[in-house]
$ cat protein-v3.txt   # compact mmCIF, C-alpha atoms
# COMPACT_ATOMS: atom_id res chain seq x y z
CA MET A 1 70.23 -4.74 -0.13
CA SER A 2 67.70 -2.04 -0.94
CA ARG A 3 65.36 -0.77 1.76
CA LEU A 4 61.61 -0.79 1.33
CA SER A 5 61.42 3.00 1.46
CA ASP A 6 63.98 3.27 -1.37
CA THR A 7 61.97 0.84 -3.44
CA GLN A 8 58.79 2.81 -2.84
CA THR A 9 60.42 6.17 -3.61
CA GLY A 10 61.91 4.81 -6.82
CA PHE A 11 58.59 3.30 -7.86
CA ALA A 12 56.64 6.51 -7.18
CA HIS A 13 59.24 8.55 -9.10
CA ALA A 14 58.88 6.29 -12.11
CA VAL A 15 55.06 6.50 -12.00
CA PHE A 16 55.07 10.29 -12.20
CA ASN A 17 57.97 10.71 -14.61
CA ALA A 18 57.17 9.26 -18.00
CA ASP A 19 60.83 9.39 -19.04
CA ALA A 20 62.10 7.50 -16.00
CA ALA A 21 63.35 3.96 -16.38
CA VAL A 22 61.12 1.12 -15.27
CA PRO A 23 61.84 0.72 -11.56
CA GLU A 24 64.22 -1.97 -10.50
CA GLY A 25 62.66 -5.32 -9.81
CA ILE A 26 59.63 -4.88 -12.10
CA VAL A 27 59.07 -7.97 -14.16
CA SER A 28 56.25 -9.05 -16.41
CA HIS A 29 55.01 -12.40 -17.60
CA LEU A 30 56.22 -11.43 -21.02
CA ARG A 31 59.80 -10.97 -20.06
CA ARG A 32 60.61 -8.52 -22.80
CA GLN A 33 57.84 -6.10 -21.92
CA PRO A 34 58.02 -4.76 -18.39
CA ARG A 35 58.01 -1.21 -19.79
CA LYS A 36 54.71 -1.77 -21.54
CA ARG A 37 53.13 -3.36 -18.46
CA PHE A 38 54.43 -0.58 -16.22
CA GLY A 39 52.95 1.93 -18.69
CA VAL A 40 49.53 0.36 -18.10
CA TYR A 41 49.99 0.70 -14.36
CA ARG A 42 51.09 4.32 -14.70
CA ASN A 43 48.14 5.16 -16.90
CA ASN A 44 45.70 3.67 -14.41
CA VAL A 45 47.14 5.92 -11.71
CA TYR A 46 46.68 8.94 -13.98
CA VAL A 47 43.19 7.98 -15.12
CA SER A 48 41.97 7.54 -11.56
CA LEU A 49 43.40 10.89 -10.41
CA ILE A 50 42.10 12.72 -13.49
CA SER A 51 38.69 11.28 -12.74
CA VAL A 52 38.90 12.56 -9.16
CA LEU A 53 39.67 16.05 -10.50
CA GLU A 54 36.81 15.80 -12.97
CA GLY A 55 34.42 15.01 -10.13
CA ARG A 56 35.83 17.80 -7.99
CA PHE A 57 35.88 20.52 -10.66
CA PRO A 58 32.77 19.81 -12.76
CA VAL A 59 32.24 23.44 -13.75
CA VAL A 60 35.86 23.94 -14.85
CA SER A 61 35.47 20.73 -16.83
CA ARG A 62 32.27 21.95 -18.46
CA LEU A 63 33.86 25.30 -19.29
CA LEU A 64 36.87 23.70 -20.96
CA GLY A 65 35.15 20.69 -22.47
CA GLU A 66 35.97 17.13 -21.48
CA ASP A 67 39.02 16.51 -23.67
CA PHE A 68 40.71 19.79 -22.87
CA PHE A 69 39.98 19.37 -19.17
CA LYS A 70 41.41 15.86 -19.09
CA ALA A 71 44.56 16.96 -20.87
CA THR A 72 44.92 19.86 -18.42
CA ALA A 73 44.32 17.56 -15.44
CA ARG A 74 46.95 15.16 -16.73
CA VAL A 75 49.62 17.86 -16.64
CA PHE A 76 48.49 18.82 -13.12
CA VAL A 77 48.68 15.21 -11.93
CA GLU A 78 52.16 14.84 -13.37
CA HIS A 79 53.48 17.94 -11.61
CA HIS A 80 51.37 17.71 -8.46
CA PRO A 81 50.90 14.08 -7.45
CA PRO A 82 48.89 13.50 -4.27
CA THR A 83 50.70 14.22 -1.01
CA SER A 84 48.01 12.58 1.12
CA PRO A 85 46.57 9.08 0.76
CA VAL A 86 43.12 10.62 1.29
CA LEU A 87 41.61 11.38 -2.12
CA MET A 88 39.15 13.97 -0.80
CA ARG A 89 42.18 16.18 -0.11
CA TYR A 90 43.46 15.98 -3.67
CA GLY A 91 43.19 19.00 -5.94
CA GLY A 92 43.91 21.83 -3.51
CA GLY A 93 46.58 23.35 -5.75
CA PHE A 94 44.55 23.12 -8.97
CA SER A 95 43.44 26.77 -9.01
CA GLU A 96 47.02 28.03 -8.52
CA PHE A 97 48.13 25.68 -11.28
CA LEU A 98 45.51 27.10 -13.67
CA GLU A 99 46.75 30.63 -12.94
CA THR A 100 50.10 29.83 -14.52
CA PHE A 101 49.01 27.33 -17.15
CA GLU A 102 49.56 28.97 -20.55
CA PRO A 103 46.86 27.16 -22.58
CA VAL A 104 44.12 28.67 -20.38
CA ALA A 105 45.70 32.12 -20.04
CA ASP A 106 42.90 33.59 -22.17
CA LEU A 107 40.42 32.62 -19.43
CA PRO A 108 41.70 34.70 -16.51
CA TRP A 109 38.59 33.96 -14.40
CA LEU A 110 39.01 30.18 -14.64
CA ALA A 111 41.29 29.84 -11.60
CA ASP A 112 38.70 31.58 -9.42
CA VAL A 113 36.02 29.15 -10.59
CA ALA A 114 38.37 26.33 -9.54
CA ARG A 115 38.91 28.06 -6.19
CA LEU A 116 35.16 28.18 -5.64
CA GLU A 117 34.80 24.51 -6.52
CA TRP A 118 37.61 23.60 -4.12
CA ALA A 119 35.92 25.65 -1.37
CA TRP A 120 32.71 23.73 -2.17
CA ASN A 121 34.67 20.50 -1.62
CA LEU A 122 36.09 21.70 1.71
CA ALA A 123 32.58 22.66 2.85
CA TYR A 124 31.21 19.31 1.70
CA HIS A 125 33.72 17.41 3.84
CA ALA A 126 33.78 19.76 6.84
CA ALA A 127 32.65 18.63 10.28
CA ASP A 128 28.93 18.60 11.06
CA LYS A 129 27.62 21.20 13.43
CA ASP A 130 24.21 22.68 14.14
CA PRO A 131 23.92 26.40 13.39
CA VAL A 132 23.12 28.56 16.39
CA ALA A 133 19.47 28.33 17.47
CA PRO A 134 17.22 31.34 16.80
CA GLU A 135 16.26 31.37 20.51
CA ALA A 136 19.91 31.79 21.51
CA LEU A 137 20.15 34.86 19.27
CA ALA A 138 16.87 36.27 20.53
CA ALA A 139 18.13 35.95 24.11
CA ILE A 140 21.07 38.31 23.47
CA GLU A 141 20.72 41.81 24.88
CA PRO A 142 21.08 44.01 21.75
CA ALA A 143 23.00 46.68 23.67
CA SER A 144 25.85 44.20 24.19
CA ALA A 145 25.80 42.91 20.59
CA GLY A 146 28.80 45.01 19.51
CA SER A 147 31.14 43.03 21.77
CA LEU A 148 29.96 39.59 20.65
CA VAL A 149 32.47 37.17 19.17
CA PHE A 150 31.07 34.67 16.67
CA GLU A 151 32.07 31.11 16.08
CA LEU A 152 31.54 30.39 12.40
CA HIS A 153 30.31 27.03 11.16
CA PRO A 154 33.17 24.62 10.25
CA ALA A 155 31.96 24.48 6.64
CA VAL A 156 32.12 28.25 6.06
CA GLN A 157 34.38 29.24 3.14
CA LEU A 158 34.86 32.57 1.40
CA VAL A 159 35.92 33.12 -2.18
CA ARG A 160 36.73 36.64 -3.34
CA SER A 161 37.23 37.38 -6.99
CA ALA A 162 37.85 40.25 -9.37
CA PHE A 163 35.49 38.42 -11.76
CA PRO A 164 31.79 37.50 -11.46
CA VAL A 165 32.80 34.06 -10.18
CA VAL A 166 29.52 33.23 -8.41
CA SER A 167 27.50 34.02 -11.55
CA ILE A 168 29.84 32.03 -13.79
CA TRP A 169 29.73 29.09 -11.39
CA SER A 170 25.97 29.06 -10.87
CA GLU A 171 25.18 29.57 -14.56
CA HIS A 172 27.39 26.64 -15.49
CA SER A 173 26.23 24.40 -12.61
CA LYS A 174 22.71 24.33 -13.97
CA ASP A 175 21.42 22.07 -16.68
CA GLY A 176 20.80 23.60 -20.05
CA GLU A 177 22.58 26.16 -22.16
CA PRO A 178 24.30 28.77 -19.95
CA GLU A 179 23.43 32.44 -20.35
CA HIS A 180 26.12 34.75 -21.62
CA ILE A 181 28.16 36.38 -18.85
CA ASP A 182 30.40 39.42 -19.13
CA ALA A 183 33.58 38.64 -17.21
CA GLY A 184 34.30 42.35 -17.02
CA ALA A 185 31.05 43.05 -15.14
CA GLY A 186 32.90 43.40 -11.85
CA GLY A 187 34.06 41.17 -9.04
CA GLU A 188 31.91 38.94 -6.89
CA ASP A 189 32.48 37.37 -3.49
CA GLY A 190 30.92 34.06 -2.55
CA LEU A 191 30.02 32.52 0.79
CA ILE A 192 29.96 28.73 0.86
CA VAL A 193 27.98 27.13 3.67
CA ARG A 194 26.65 23.72 4.55
CA PRO A 195 24.25 24.08 7.47
CA GLY A 196 22.87 20.56 6.94
CA ILE A 197 24.22 18.16 4.35
CA ALA A 198 23.70 20.28 1.25
CA VAL A 199 26.38 22.78 0.23
CA GLU A 200 25.07 26.24 -0.69
CA VAL A 201 26.88 29.02 -2.54
CA ARG A 202 25.69 32.55 -1.87
CA HIS A 203 26.62 35.78 -3.57
CA LEU A 204 27.71 38.20 -0.83
CA PRO A 205 26.71 41.85 -0.80
CA ARG A 206 29.53 44.38 -0.97
CA GLY A 207 31.70 44.44 2.15
CA GLY A 208 30.27 41.08 3.23
CA ALA A 209 33.47 39.13 2.67
CA ALA A 210 35.55 41.62 4.69
CA PHE A 211 32.93 41.45 7.45
CA ILE A 212 32.88 37.65 7.58
CA SER A 213 36.64 37.23 7.42
CA ALA A 214 37.01 39.72 10.29
CA LEU A 215 34.51 37.68 12.32
CA ALA A 216 36.34 34.48 11.41
CA GLY A 217 39.56 36.10 12.63
CA GLY A 218 38.03 36.57 16.10
CA LYS A 219 37.04 40.24 15.81
CA THR A 220 33.92 41.35 17.68
CA LEU A 221 30.76 42.25 15.81
CA GLY A 222 31.49 45.95 16.30
CA GLU A 223 35.08 45.63 15.07
CA ALA A 224 34.06 43.52 12.07
CA ALA A 225 31.45 46.11 11.08
CA GLU A 226 34.18 48.78 11.17
CA VAL A 227 36.47 46.66 8.99
CA ALA A 228 33.68 46.19 6.45
CA LEU A 229 32.82 49.90 6.44
CA ASP A 230 36.47 50.76 5.88
CA GLU A 231 36.45 48.61 2.76
CA GLU A 232 32.96 49.46 1.53
CA ALA A 233 31.22 52.64 2.62
CA SER A 234 27.81 51.28 1.62
CA PHE A 235 28.15 48.21 3.85
CA ASP A 236 24.77 47.34 5.40
CA LEU A 237 25.30 45.64 8.76
CA GLN A 238 21.71 44.61 9.23
CA ALA A 239 21.36 42.97 5.82
CA ASN A 240 24.71 41.21 6.10
CA LEU A 241 24.07 39.94 9.61
CA ALA A 242 20.58 38.72 8.72
CA GLY A 243 22.02 36.93 5.70
CA LEU A 244 24.75 35.34 7.78
CA ILE A 245 22.25 34.07 10.36
CA ALA A 246 19.80 32.84 7.72
CA SER A 247 22.51 30.94 5.86
CA GLY A 248 23.40 28.93 8.96
CA ALA A 249 26.97 30.25 8.96
CA ILE A 250 26.99 31.04 12.67
CA ALA A 251 27.62 28.08 14.96
CA GLY A 252 27.92 29.92 18.26
CA LEU A 253 28.56 33.25 19.93
CA ARG A 254 29.93 34.58 23.20
CA PRO A 255 30.78 37.92 24.76
CA ALA A 256 34.36 39.04 24.01
CA MET B 1 41.92 51.49 23.32
CA GLU B 2 40.07 52.98 20.44
CA SER B 3 42.14 55.54 18.64
CA LYS B 4 40.29 56.05 15.40
CA THR B 5 36.84 57.46 14.95
CA ARG B 6 34.23 54.76 14.94
CA LYS B 7 31.91 54.71 11.99
CA MET B 8 29.15 52.91 13.83
CA THR B 9 27.82 53.74 17.26
CA SER B 10 27.00 50.90 19.62
CA LEU B 11 23.39 51.99 19.33
CA ALA B 12 23.49 51.46 15.58
CA ILE B 13 25.01 48.03 16.08
CA ALA B 14 22.41 47.14 18.68
CA SER B 15 19.53 48.10 16.43
CA ALA B 16 21.05 46.33 13.40
CA PHE B 17 21.50 43.21 15.53
CA ALA B 18 17.95 43.30 16.89
CA ALA B 19 16.50 43.89 13.43
CA SER B 20 18.46 41.10 11.79
CA VAL B 21 17.53 38.60 14.50
CA ALA B 22 13.88 39.61 14.10
CA ALA B 23 14.13 39.40 10.30
CA VAL B 24 15.39 35.84 10.40
CA GLY B 25 12.77 35.06 13.03
CA ALA B 26 12.27 31.61 14.38
CA THR B 27 13.06 29.84 11.14
CA PRO B 28 16.02 27.57 11.69
CA ALA B 29 18.64 27.62 8.95
CA VAL B 30 18.11 23.91 8.50
CA ALA B 31 14.64 22.41 8.47
CA ALA B 32 14.56 19.26 10.56
CA ASP B 33 13.34 17.11 7.70
CA ASP B 34 16.27 18.21 5.54
CA MET B 35 18.64 16.49 7.90
CA VAL B 36 18.79 13.01 6.51
CA LYS B 37 22.11 11.35 7.12
CA CYS B 38 23.01 8.95 4.43
CA TYR B 39 25.82 6.71 3.43
CA GLY B 40 26.98 5.94 -0.04
CA ILE B 41 27.33 9.61 -0.94
CA ALA B 42 30.99 9.51 -1.90
CA LYS B 43 31.42 11.52 -5.05
CA LYS B 44 31.99 9.74 -8.29
CA GLY B 45 35.53 8.54 -8.81
CA GLU B 46 36.51 8.83 -5.18
CA ASN B 47 36.17 5.29 -4.11
CA ASP B 48 39.58 3.67 -3.91
CA CYS B 49 39.13 1.14 -6.62
CA LYS B 50 37.49 2.40 -9.73
CA ALA B 51 36.80 -0.36 -12.14
CA GLY B 52 35.52 0.18 -15.62
CA PRO B 53 36.47 1.74 -18.92
CA GLY B 54 39.78 3.48 -19.07
CA THR B 55 41.32 1.71 -16.14
CA SER B 56 42.37 -1.51 -17.75
CA CYS B 57 44.84 -1.47 -20.55
CA SER B 58 44.57 1.91 -22.19
CA GLY B 59 47.99 2.80 -20.81
CA SER B 60 49.64 0.34 -23.09
CA SER B 61 49.69 3.08 -25.67
CA THR B 62 53.08 4.73 -25.77
CA VAL B 63 51.68 8.01 -27.04
CA ASP B 64 52.40 10.87 -24.69
CA TYR B 65 49.08 12.68 -24.45
CA GLN B 66 50.65 15.73 -22.90
CA GLY B 67 52.89 16.42 -25.86
CA ASN B 68 50.01 17.10 -28.21
CA ALA B 69 47.36 18.12 -25.73
CA TRP B 70 47.47 21.78 -26.72
CA LYS B 71 46.36 21.05 -30.20
CA LEU B 72 43.06 20.40 -28.47
CA VAL B 73 40.43 23.08 -28.44
CA LYS B 74 38.18 24.13 -25.62
CA LYS B 75 34.88 22.64 -26.67
CA GLY B 76 33.12 23.55 -23.46
CA THR B 77 30.91 26.46 -22.55
CA CYS B 78 33.72 28.95 -21.93
CA THR B 79 32.71 30.92 -25.01
CA GLN B 80 29.68 32.02 -22.98
CA VAL B 81 31.98 34.11 -20.81
CA SER B 82 33.61 37.09 -22.46
CA THR B 83 36.87 38.36 -21.06
CA PRO B 84 39.13 41.36 -21.56
CA PHE B 85 41.12 39.16 -23.94
CA GLY B 86 38.02 38.26 -25.92
CA PRO B 87 35.76 35.25 -25.52
CA GLY B 88 37.03 31.81 -24.66
CA SER B 89 38.47 30.30 -27.79
CA LEU B 90 37.26 27.46 -29.92
CA THR B 91 40.58 27.25 -31.62
CA CYS B 92 44.10 27.13 -30.36
CA LEU B 93 45.47 30.63 -30.04
CA ALA B 94 49.20 30.53 -30.34
CA THR B 95 49.98 34.00 -29.19
CA ARG B 96 47.23 35.06 -26.80
CA PRO B 97 47.45 36.68 -24.35
CA THR B 98 51.15 37.00 -23.69
CA GLY B 99 52.51 37.01 -27.19
CA GLN B 100 54.49 33.94 -26.32
CA ASN B 101 54.30 31.35 -29.00
CA TYR B 102 53.20 27.91 -28.03
CA GLN B 103 52.57 25.23 -30.48
CA CYS B 104 49.17 24.98 -32.07
CA GLY B 105 50.01 21.94 -34.12

$ encode --input "protein-v3.txt" --output "structure tokens"
Amino acid sequence: MSRLSDTQTGFAHAVFNADAAVPEGIVSHLRRQPRKRFGVYRNNVYVSLISVLEGRFPVVSRLLGEDFFKATARVFVEHHPPTSPVLMRYGGGFSEFLETFEPVADLPWLADVARLEWAWNLAYHAADKDPVAPEALAAIEPASAGSLVFELHPAVQLVRSAFPVVSIWSEHSKDGEPEHIDAGAGGEDGLIVRPGIAVEVRHLPRGGAAFISALAGGKTLGEAAEVALDEEASFDLQANLAGLIASGAIAGLRPA
Amino acid sequence: MESKTRKMTSLAIASAFAASVAAVGATPAVAADDMVKCYGIAKKGENDCKAGPGTSCSGSSTVDYQGNAWKLVKKGTCTQVSTPFGPGSLTCLATRPTGQNYQCG
């Protein structure tokens, strides 16, 4: 007698493998046609997951056009079915998939756009937390600032790219005809924050991403500034710190 | 233990900190009236049961979409972004960028 888990595994395998035989025990009211009926079921699974990806990667979809995006998403769904029952976690591997997907190889910046949209999704679903109050910052003795350790907001995400990913994303997130963008114009790093309920994407100044990831890794303000200066000699601590505070990316701080 | 030469003195950090706190001032990052909690904000397509076009019987077709998908062209806005390989294509490019030949139909 077959166990329930075997039945489920066999069923799931058949859903995501178009060539697989109809799973054992599937019957239809038209006795001759269980394959056709199972095909309807399989397609509904695909259609729903493709529609999740379309909602999650609207800019990638706009860039490729609806038909091309759906066909791309279908291949992704087939090779990367959900591993969690929670749909908001589906699509995490889409950018890596695009990196190796031949039909979009002439758009080398596309995977980074997908990475930004996934980061947007993570920020959207991150825990709520109030950014640090201005009074708390004003109460800090500046002389001790170098040894402060920051707690970043749970929604904070960084996306670093060798392409102008923030410009491509923002130009194609707006209504209307997008402006022309030169993908060779140099890399851009983005900071994704959600201080309230609205997700914001900000273009970071040079060295900003190294600075923020050092802070996220538990480095003190002084150490993080050194890391950023090592990467980018023109790093401006004051401008970057002011931007970080203003964007609501800091949730707390304490002496090291 | 600090072995390498520091590029920023603690004085420079202190003044940058003080200036950035002053620059941001007393404006909270989130205005109180922006904070409206609401329900029903699940993104499209992410409710468990999506009824409507496309979810009923369209799978009864036996055509394998994947097999001919790459005869499709990118009709989106990708041509607005130029790349080292040239602009995004409106037609299937069989040999770009790797020289490998995939079917254009």

$ interface_residues --input "protein-v3.txt" --of "chain A" --to "chain B" --cutoff "6 Å" --atoms "only C-alpha atoms" --output "list in words"
Lys36, Gly39, Val40, Asn43, Asn44, Ser51, Val52, Arg62, Leu63, Leu64, Gly65, Phe68, Ala71, Asp106, Pro134, Pro142, Ala143, Ala145, Gly146, His180, Ile181, Asp182, Ala183, Gly196, Gln238, Ala242, Ala246, Ser247 and Gly248 of chain A

$ closest_residue --input "protein-v3.txt" --among "A:Trp120, A:Tyr41, A:Phe235, A:Phe76" --to "A:Gly91" --atoms "all atoms listed in the file"
A:Phe76

$ closest_residue --input "protein-v3.txt" --among "A:His153, A:Val86, A:Ser173, A:Asp128" --to "A:Gly252" --atoms "only C-alpha atoms"
A:His153

$ atom_distance --input "protein-v3.txt" --atom1 "atom CA of A:Gly55" --atom2 "atom CA of A:Trp169"
14.9 Å

$ atom_distance --input "protein-v3.txt" --atom1 "atom CA of A:Leu237" --atom2 "atom CA of A:Leu158"
17.8 Å

$ residues_around --input "protein-v3.txt" --residues "A:Ala114" --least-positions-apart "4" --cutoff "9 Å" --atoms "only C-alpha atoms" --output "list in words"
Phe57, Val59, Val60, Phe94, Ser95, Glu96, Leu98, Leu110, Trp118 and Ala119 of chain A

$ atom_distance --input "protein-v3.txt" --atom1 "atom CA of A:Gly10" --atom2 "atom CA of A:Pro81"
14.4 Å

$ build_atoms --input "protein-v3.txt" --residues "stretch 220-240 of chain A" --atoms "N, CA and C atoms" --output "PDB file, keeping the file's coordinate frame"
ATOM      1  N   THR A 220      35.287  41.232  17.176  1.00  0.00           N
ATOM      2  CA  THR A 220      33.920  41.350  17.680  1.00  0.00           C
ATOM      3  C   THR A 220      33.013  41.862  16.562  1.00  0.00           C
ATOM      4  N   LEU A 221      31.716  41.770  16.804  1.00  0.00           N
ATOM      5  CA  LEU A 221      30.760  42.250  15.810  1.00  0.00           C
ATOM      6  C   LEU A 221      30.995  43.727  15.477  1.00  0.00           C
ATOM      7  N   GLY A 222      31.242  44.519  16.517  1.00  0.00           N
ATOM      8  CA  GLY A 222      31.490  45.950  16.300  1.00  0.00           C
ATOM      9  C   GLY A 222      32.747  46.192  15.481  1.00  0.00           C
ATOM     10  N   GLU A 223      33.821  45.463  15.813  1.00  0.00           N
ATOM     11  CA  GLU A 223      35.080  45.630  15.070  1.00  0.00           C
ATOM     12  C   GLU A 223      34.933  45.175  13.621  1.00  0.00           C
ATOM     13  N   ALA A 224      34.233  44.058  13.427  1.00  0.00           N
ATOM     14  CA  ALA A 224      34.060  43.520  12.070  1.00  0.00           C
ATOM     15  C   ALA A 224      33.243  44.483  11.211  1.00  0.00           C
ATOM     16  N   ALA A 225      32.254  45.130  11.828  1.00  0.00           N
ATOM     17  CA  ALA A 225      31.450  46.110  11.080  1.00  0.00           C
ATOM     18  C   ALA A 225      32.335  47.285  10.643  1.00  0.00           C
ATOM     19  N   GLU A 226      33.257  47.689  11.520  1.00  0.00           N
ATOM     20  CA  GLU A 226      34.180  48.780  11.170  1.00  0.00           C
ATOM     21  C   GLU A 226      35.084  48.381   9.995  1.00  0.00           C
ATOM     22  N   VAL A 227      35.611  47.155  10.062  1.00  0.00           N
ATOM     23  CA  VAL A 227      36.470  46.660   8.990  1.00  0.00           C
ATOM     24  C   VAL A 227      35.725  46.692   7.650  1.00  0.00           C
ATOM     25  N   ALA A 228      34.471  46.226   7.686  1.00  0.00           N
ATOM     26  CA  ALA A 228      33.680  46.190   6.450  1.00  0.00           C
ATOM     27  C   ALA A 228      33.380  47.591   5.934  1.00  0.00           C
ATOM     28  N   LEU A 229      33.090  48.519   6.852  1.00  0.00           N
ATOM     29  CA  LEU A 229      32.820  49.900   6.440  1.00  0.00           C
ATOM     30  C   LEU A 229      34.051  50.574   5.877  1.00  0.00           C
ATOM     31  N   ASP A 230      35.218  50.214   6.416  1.00  0.00           N
ATOM     32  CA  ASP A 230      36.470  50.760   5.880  1.00  0.00           C
ATOM     33  C   ASP A 230      36.646  50.343   4.428  1.00  0.00           C
ATOM     34  N   GLU A 231      36.256  49.095   4.121  1.00  0.00           N
ATOM     35  CA  GLU A 231      36.450  48.610   2.760  1.00  0.00           C
ATOM     36  C   GLU A 231      35.332  49.080   1.834  1.00  0.00           C
ATOM     37  N   GLU A 232      34.122  49.170   2.357  1.00  0.00           N
ATOM     38  CA  GLU A 232      32.960  49.460   1.530  1.00  0.00           C
ATOM     39  C   GLU A 232      32.014  50.385   2.301  1.00  0.00           C
ATOM     40  N   ALA A 233      31.976  51.648   1.866  1.00  0.00           N
ATOM     41  CA  ALA A 233      31.220  52.640   2.620  1.00  0.00           C
ATOM     42  C   ALA A 233      29.721  52.338   2.650  1.00  0.00           C
ATOM     43  N   SER A 234      29.241  51.566   1.661  1.00  0.00           N
ATOM     44  CA  SER A 234      27.810  51.280   1.620  1.00  0.00           C
ATOM     45  C   SER A 234      27.439  49.998   2.373  1.00  0.00           C
ATOM     46  N   PHE A 235      28.389  49.464   3.132  1.00  0.00           N
ATOM     47  CA  PHE A 235      28.150  48.210   3.850  1.00  0.00           C
ATOM     48  C   PHE A 235      26.918  48.322   4.749  1.00  0.00           C
ATOM     49  N   ASP A 236      26.018  47.347   4.630  1.00  0.00           N
ATOM     50  CA  ASP A 236      24.770  47.340   5.400  1.00  0.00           C
ATOM     51  C   ASP A 236      24.847  46.234   6.451  1.00  0.00           C
ATOM     52  N   LEU A 237      25.098  46.629   7.693  1.00  0.00           N
ATOM     53  CA  LEU A 237      25.300  45.640   8.760  1.00  0.00           C
ATOM     54  C   LEU A 237      24.077  44.758   8.948  1.00  0.00           C
ATOM     55  N   GLN A 238      22.917  45.384   8.958  1.00  0.00           N
ATOM     56  CA  GLN A 238      21.710  44.610   9.230  1.00  0.00           C
ATOM     57  C   GLN A 238      21.465  43.542   8.164  1.00  0.00           C
ATOM     58  N   ALA A 239      21.600  43.920   6.898  1.00  0.00           N
ATOM     59  CA  ALA A 239      21.360  42.970   5.820  1.00  0.00           C
ATOM     60  C   ALA A 239      22.395  41.843   5.844  1.00  0.00           C
ATOM     61  N   ASN A 240      23.659  42.221   6.096  1.00  0.00           N
ATOM     62  CA  ASN A 240      24.710  41.210   6.100  1.00  0.00           C
ATOM     63  C   ASN A 240      24.567  40.244   7.269  1.00  0.00           C
TER      64      ASN A 240
END
